[in-house]
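The data block below is my_file34.csv; it holds CSV, C-alpha atoms.
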chain,number,residue,atom,x,y,z
E,1,MET,CA,-6.5,12.9,99.6
E,2,ILE,CA,-9.4,12.9,97.3
E,3,LYS,CA,-12.7,13.9,98.9
E,4,HIS,CA,-15.4,11.3,98.7
E,5,LYS,CA,-18.9,11.0,100.2
E,6,ASP,CA,-18.0,8.2,102.6
E,7,GLN,CA,-15.4,10.3,104.5
E,8,ARG,CA,-16.5,11.2,108.1
E,9,VAL,CA,-15.8,14.9,108.8
E,10,GLY,CA,-15.5,16.9,112.0
E,11,VAL,CA,-15.6,20.7,111.6
E,12,PHE,CA,-14.2,22.9,114.4
E,13,VAL,CA,-14.7,26.7,113.9
E,14,ASP,CA,-12.8,29.4,115.8
E,15,VAL,CA,-15.6,31.9,115.3
E,16,GLN,CA,-13.6,34.9,116.8
E,17,ASN,CA,-10.7,34.3,114.4
E,18,LEU,CA,-12.8,34.2,111.3
E,19,TYR,CA,-15.1,37.0,112.4
E,20,TYR,CA,-12.3,39.4,113.2
E,21,SER,CA,-10.3,38.5,110.0
E,22,ALA,CA,-13.4,39.3,107.9
E,23,LYS,CA,-14.0,42.5,109.8
E,24,ASN,CA,-10.4,43.7,109.7
E,25,LEU,CA,-9.6,42.6,106.1
E,26,TYR,CA,-12.9,43.3,104.3
E,27,LYS,CA,-15.1,45.2,106.8
E,28,SER,CA,-17.6,42.3,106.3
E,29,LYS,CA,-19.2,39.5,108.1
E,30,VAL,CA,-18.6,35.8,107.5
E,31,ASN,CA,-21.2,33.6,105.9
E,32,PHE,CA,-20.7,30.6,108.3
E,33,ALA,CA,-23.3,28.5,106.4
E,34,GLU,CA,-21.1,28.6,103.3
E,35,VAL,CA,-17.9,27.9,105.4
E,36,LEU,CA,-19.6,24.8,106.7
E,37,LYS,CA,-20.8,23.7,103.3
E,38,THR,CA,-17.3,24.0,101.9
E,39,ALA,CA,-15.7,22.3,104.9
E,40,VAL,CA,-18.0,19.3,104.5
E,41,SER,CA,-17.8,19.3,100.7
E,42,GLY,CA,-20.5,16.6,100.2
E,43,ARG,CA,-18.9,14.3,102.8
E,44,GLN,CA,-20.5,12.8,105.9
E,45,LEU,CA,-20.7,15.4,108.6
E,46,ILE,CA,-20.3,13.8,112.0
E,47,ARG,CA,-19.9,17.0,114.1
E,48,ALA,CA,-19.7,20.7,113.5
E,49,ILE,CA,-18.8,22.9,116.5
E,50,ALA,CA,-18.6,26.7,116.5
E,51,TYR,CA,-16.7,28.1,119.5
E,52,VAL,CA,-17.9,31.6,120.5
E,53,ILE,CA,-17.2,34.2,123.2
E,54,LYS,CA,-20.1,35.9,124.9
E,55,ALA,CA,-19.4,39.6,125.2
E,56,GLN,CA,-22.9,40.5,126.4
E,57,ASN,CA,-23.8,42.6,123.4
E,58,LEU,CA,-27.3,42.7,122.1
E,59,ASP,CA,-26.9,41.1,118.7
E,60,GLU,CA,-24.8,38.1,119.8
E,61,GLN,CA,-27.8,35.9,120.8
E,62,LYS,CA,-29.3,36.2,117.4
E,63,PHE,CA,-26.0,35.3,115.9
E,64,PHE,CA,-25.5,32.3,118.1
E,65,GLU,CA,-29.1,31.1,117.2
E,66,ALA,CA,-28.3,31.5,113.5
E,67,LEU,CA,-25.2,29.4,113.9
E,68,ASP,CA,-27.3,26.7,115.6
E,69,LYS,CA,-29.8,26.8,112.7
E,70,GLN,CA,-27.0,26.4,110.2
E,71,GLY,CA,-26.0,23.1,111.7
E,72,PHE,CA,-23.4,24.0,114.3
E,73,GLU,CA,-23.3,22.9,117.9
E,74,VAL,CA,-22.5,26.2,119.6
E,75,LYS,CA,-20.1,26.2,122.6
E,76,MET,CA,-20.0,29.5,124.5
E,77,LYS,CA,-17.5,31.0,126.9
E,78,ASP,CA,-17.7,34.3,128.7
E,79,LEU,CA,-15.3,37.1,127.8
E,80,GLN,CA,-12.7,37.5,130.6
E,81,VAL,CA,-12.2,41.0,131.8
E,82,PHE,CA,-9.1,41.6,134.0
E,83,TYR,CA,-8.1,44.3,136.4
E,84,GLY,CA,-7.2,47.4,134.3
E,85,GLY,CA,-9.6,46.6,131.6
E,86,HIS,CA,-7.6,44.0,129.6
E,87,LYS,CA,-10.0,41.5,127.9
E,88,LYS,CA,-9.3,38.0,126.8
E,89,GLY,CA,-11.5,35.4,125.1
E,90,ASP,CA,-10.3,32.4,123.3
E,91,TRP,CA,-11.1,28.7,123.0
E,92,ASP,CA,-7.7,27.3,121.9
E,93,VAL,CA,-7.3,24.8,124.7
E,94,GLY,CA,-11.0,23.8,124.5
E,95,VAL,CA,-10.9,23.3,120.8
E,96,ALA,CA,-7.7,21.2,121.1
E,97,ILE,CA,-9.2,19.0,123.8
E,98,ASP,CA,-12.5,18.5,121.9
E,99,VAL,CA,-10.7,17.6,118.6
E,100,ILE,CA,-8.3,15.1,120.3
E,101,ARG,CA,-11.1,13.6,122.3
E,102,MET,CA,-13.3,13.1,119.1
E,103,SER,CA,-10.6,12.5,116.4
E,104,SER,CA,-11.1,8.7,116.2
E,105,LYS,CA,-14.7,9.4,115.0
E,106,PHE,CA,-13.4,11.2,111.9
E,107,ASP,CA,-11.5,10.5,108.7
E,108,VAL,CA,-11.0,14.3,108.2
E,109,VAL,CA,-10.7,17.1,110.8
E,110,VAL,CA,-11.4,20.6,109.4
E,111,LEU,CA,-10.0,23.4,111.5
E,112,ALA,CA,-11.7,26.7,110.5
E,113,THR,CA,-9.1,29.1,111.8
E,114,GLY,CA,-6.0,30.9,110.8
E,115,ASP,CA,-4.5,30.9,114.3
E,116,GLY,CA,-0.9,29.6,114.4
E,117,ASP,CA,-1.6,28.4,118.0
E,118,PHE,CA,-3.2,25.4,116.4
E,119,ILE,CA,0.0,24.1,114.8
E,120,PRO,CA,0.8,21.7,117.6
E,121,LEU,CA,-2.8,20.3,117.4
E,122,LEU,CA,-2.5,19.9,113.6
E,123,GLU,CA,0.9,18.1,114.0
E,124,TYR,CA,-0.5,15.9,116.8
E,125,LEU,CA,-3.4,14.8,114.6
E,126,GLN,CA,-1.2,14.2,111.6
E,127,ASN,CA,1.3,12.2,113.7
E,128,HIS,CA,-1.7,10.0,114.6
E,129,GLY,CA,-2.7,9.4,111.0
E,130,GLN,CA,-5.4,12.0,110.8
E,131,TYR,CA,-6.0,14.1,107.6
E,132,VAL,CA,-6.3,17.8,108.6
E,133,GLU,CA,-7.8,20.5,106.4
E,134,VAL,CA,-7.6,24.2,107.4
E,135,ILE,CA,-10.1,26.8,106.1
E,136,ALA,CA,-9.4,30.5,106.8
E,137,PHE,CA,-8.7,33.8,105.2
E,138,GLY,CA,-5.3,33.5,103.6
E,139,GLU,CA,-4.0,37.0,104.4
E,140,SER,CA,-4.6,36.6,108.1
E,141,ALA,CA,-3.8,32.9,108.4
E,142,SER,CA,-0.5,31.7,109.9
E,143,SER,CA,1.9,30.8,107.0
E,144,ILE,CA,3.1,27.7,108.9
E,145,LEU,CA,-0.5,26.5,109.6
E,146,LYS,CA,-1.2,26.9,105.8
E,147,GLU,CA,1.9,25.0,104.9
E,148,ARG,CA,1.5,22.1,107.3
E,149,ALA,CA,-2.2,21.5,106.7
E,150,ASP,CA,-2.9,18.6,104.4
E,151,ASP,CA,-5.2,21.0,102.5
E,152,PHE,CA,-5.7,24.7,102.9
E,153,ILE,CA,-8.9,26.3,101.7
E,154,ASP,CA,-8.5,30.1,101.3
E,155,LEU,CA,-11.8,31.9,101.9
E,156,SER,CA,-10.3,35.0,100.4
E,157,GLN,CA,-10.3,33.3,97.0
E,158,ASN,CA,-14.1,33.6,96.8
E,159,LYS,CA,-15.1,36.6,98.9
E,160,ARG,CA,-18.6,36.8,97.4
E,161,LYS,CA,-19.3,33.3,98.6
E,162,TYR,CA,-18.0,33.6,102.1
E,163,LEU,CA,-18.7,37.2,103.1
E,164,PHE,CA,-21.7,39.4,103.8
E,165,ASN,CA,-21.0,43.0,103.1
E,166,SER,CA,-23.3,44.3,105.8
E,167,LEU,CA,-20.5,46.2,107.7
E,168,ARG,CA,-19.6,48.0,104.5
E,169,ARG,CA,-23.2,49.2,103.9
E,170,THR,CA,-23.5,50.6,107.4
E,171,SER,CA,-20.2,52.4,107.3
E,172,ARG,CA,-21.3,54.5,104.3
E,173,ARG,CA,-23.9,56.4,106.3
Let me see whether you can do it: turn the structure in this file into structure tokens.
Amino acid sequence: MIKHKDQRVGVFVDVQNLYYSAKNLYKSKVNFAEVLKTAVSGRQLIRAIAYVIKAQNLDEQKFFEALDKQGFEVKMKDLQVFYGGHKKGDWDVGVAIDVIRMSSKFDVVVLATGDGDFIPLLEYLQNHGQYVEVIAFGESASSILKERADDFIDLSQNKRKYLFNSLRRTSRR
């Protein structure tokens, strides 16, 4: 599908997935403003939602506010801590429900995640005539998710654009 300015776009960002991919692969932080800009690509943005997990650390509120200023609606969920210290925090079901609920409003759904758990969502959308783009770091993205997407945008192909090297600077001390 050729991108054109009249296409209505919904962008759904799995913040944890992109954040930890950038941290583990490159010891960097994601430039979410650039991710959004690329996801929209000059088309008509209808909705951009960033799904975050609250871990009660000091910097996260500034980060959530920055996402909001960049044009994202920020949805938060508390980190679950289980007996024995096991922690879990993900939005997979919430993202899927939101995307399905809103999909009729979009010509294109952009999933910003490399998580293979979203393959059934991608397939559901495509089976209902939806065009689905995935944007993620290629090295950490599910190969099946990349193959099945109508378009895959690899953030690793332009690291300078999509990453801040702030973690690298602090680790040199």
Find the residues of stretch 85-171 of chain E that sit at most 8 Å from stretch 35-44 of chain E; for each, write down the nearest two atoms and how far apart they are in Å, to one decimal. Count all atoms listed in the file. Sort by chain, then by number going up, and give it as a Markdown table.
| residue | atom | partner | partner_atom | distance |
| --- | --- | --- | --- | --- |
| E:Val110 | CA | E:Ala39 | CA | 6.5 |
| E:Ile135 | CA | E:Ala39 | CA | 7.3 |
| E:Tyr162 | CA | E:Val35 | CA | 6.6 |
I need the residue nearest E:Glu139 from this list: E:Ile97, E:Arg47, E:Leu25, E:Ile2. Use all atoms listed in the file for the distance.
E:Leu25
For E:Leu163, which residue out of E:Asn17, E:Lys23, E:Arg8, E:Val52 is the nearest one, using only C-alpha atoms?
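Using only C-alpha atoms, the shortest distance to E:Leu163 belongs to E:Lys23.
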Please write as a PyMOL selection string the list of polymer residues whose atoms come within 6 Å of (-13.1, 37.5, 104.1), counting all atoms listed in the file and keeping to the coordinates of the file.
chain E and resi 22+26+137+156+159+163
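The nearest approach to E:Trp91 among the residues E:Ser142, E:Gln16, E:Gln7, E:Ser21, with only C-alpha atoms taken into account, belongs to E:Gln16.
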Please compute the atom CA of E:Ala66-atom CA of E:Lys29 distance, one decimal, in Å.
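Going from atom CA of E:Ala66 over to atom CA of E:Lys29, I get 13.3 Å.
Close contacts of E:Lys77, defined as residues with an atom at most 9 Å away when counting only C-alpha atoms, with chain neighbours fewer than 3 positions off set aside, comprise Tyr51, Val52, Ile53, Lys54, Ala55, Gln80, Gly89, Asp90 and Trp91 of chain E.
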Hey, what's within 7 Å of stretch 118-125 of chain E if we count only C-alpha atoms and toss same-chain stuff fewer than 4 positions away? As a PyMOL selection string, please?
chain E and resi 96+129-130+132+145
With C-alpha atoms retained, export the selected residues as a PDB file, in the frame of the given file.
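Wrote part.pdb, looks like this:
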ATOM      1  CA  ALA E  96      -7.700  21.200 121.100  1.00  0.00           C
ATOM      2  CA  GLY E 129      -2.700   9.400 111.000  1.00  0.00           C
ATOM      3  CA  GLN E 130      -5.400  12.000 110.800  1.00  0.00           C
ATOM      4  CA  VAL E 132      -6.300  17.800 108.600  1.00  0.00           C
ATOM      5  CA  LEU E 145      -0.500  26.500 109.600  1.00  0.00           C
TER       6      LEU E 145
END
In terms of the shortest atom-to-atom distance over only C-alpha atoms, which of E:Asp68, E:Gln126, E:Lys146, E:Tyr131 is closest to E:Val108?
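The shortest atom-to-atom distance to E:Val108 comes from E:Tyr131.
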Using only C-alpha atoms, collect all residues at a distance of at most 12 Å from (-25.0, 24.2, 117.8) as written in the file, then present them as an MDAnalysis selection string.
chainID E and resid 11:13 47:52 63:76
Between E:Ala33, E:Ile46, E:Leu155, E:Val134, which is the closest to E:Lys105 once you count only C-alpha atoms?
E:Ile46
Enter the distance from atom CA of E:Gly94 to atom CA of E:Leu18, in Å, rounded to one decimal.
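Between atom CA of E:Gly94 and atom CA of E:Leu18 the gap is 16.9 Å.
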Taken to one decimal, the atom CA of E:Phe164-atom CA of E:Gly114 distance is 19.2 Å
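The closest residue to E:Val93, picked from E:Asp78, E:Asn158, E:Lys5, E:Asp14 and counting all atoms listed in the file, is E:Asp14.
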Test item: residues at most 9 Å from E:Gln56, all atoms listed in the file, excluding those fewer than 3 positions along its chain, as a list in words
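My reading of the contact set: Asp59, Glu60, Gln61, Asp78 and Leu79 of chain E.
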Using all atoms of stretch 5-22 of chain E listed in the file and a margin of 3 Å per side, can you give the axis-aligned box centre and edge lengths in Å to one decimal, as lines of an AutoDock Vina configuration file?
center_x = -14.6
center_y = 23.8
center_z = 108.5
size_x = 14.6
size_y = 37.2
size_z = 22.6
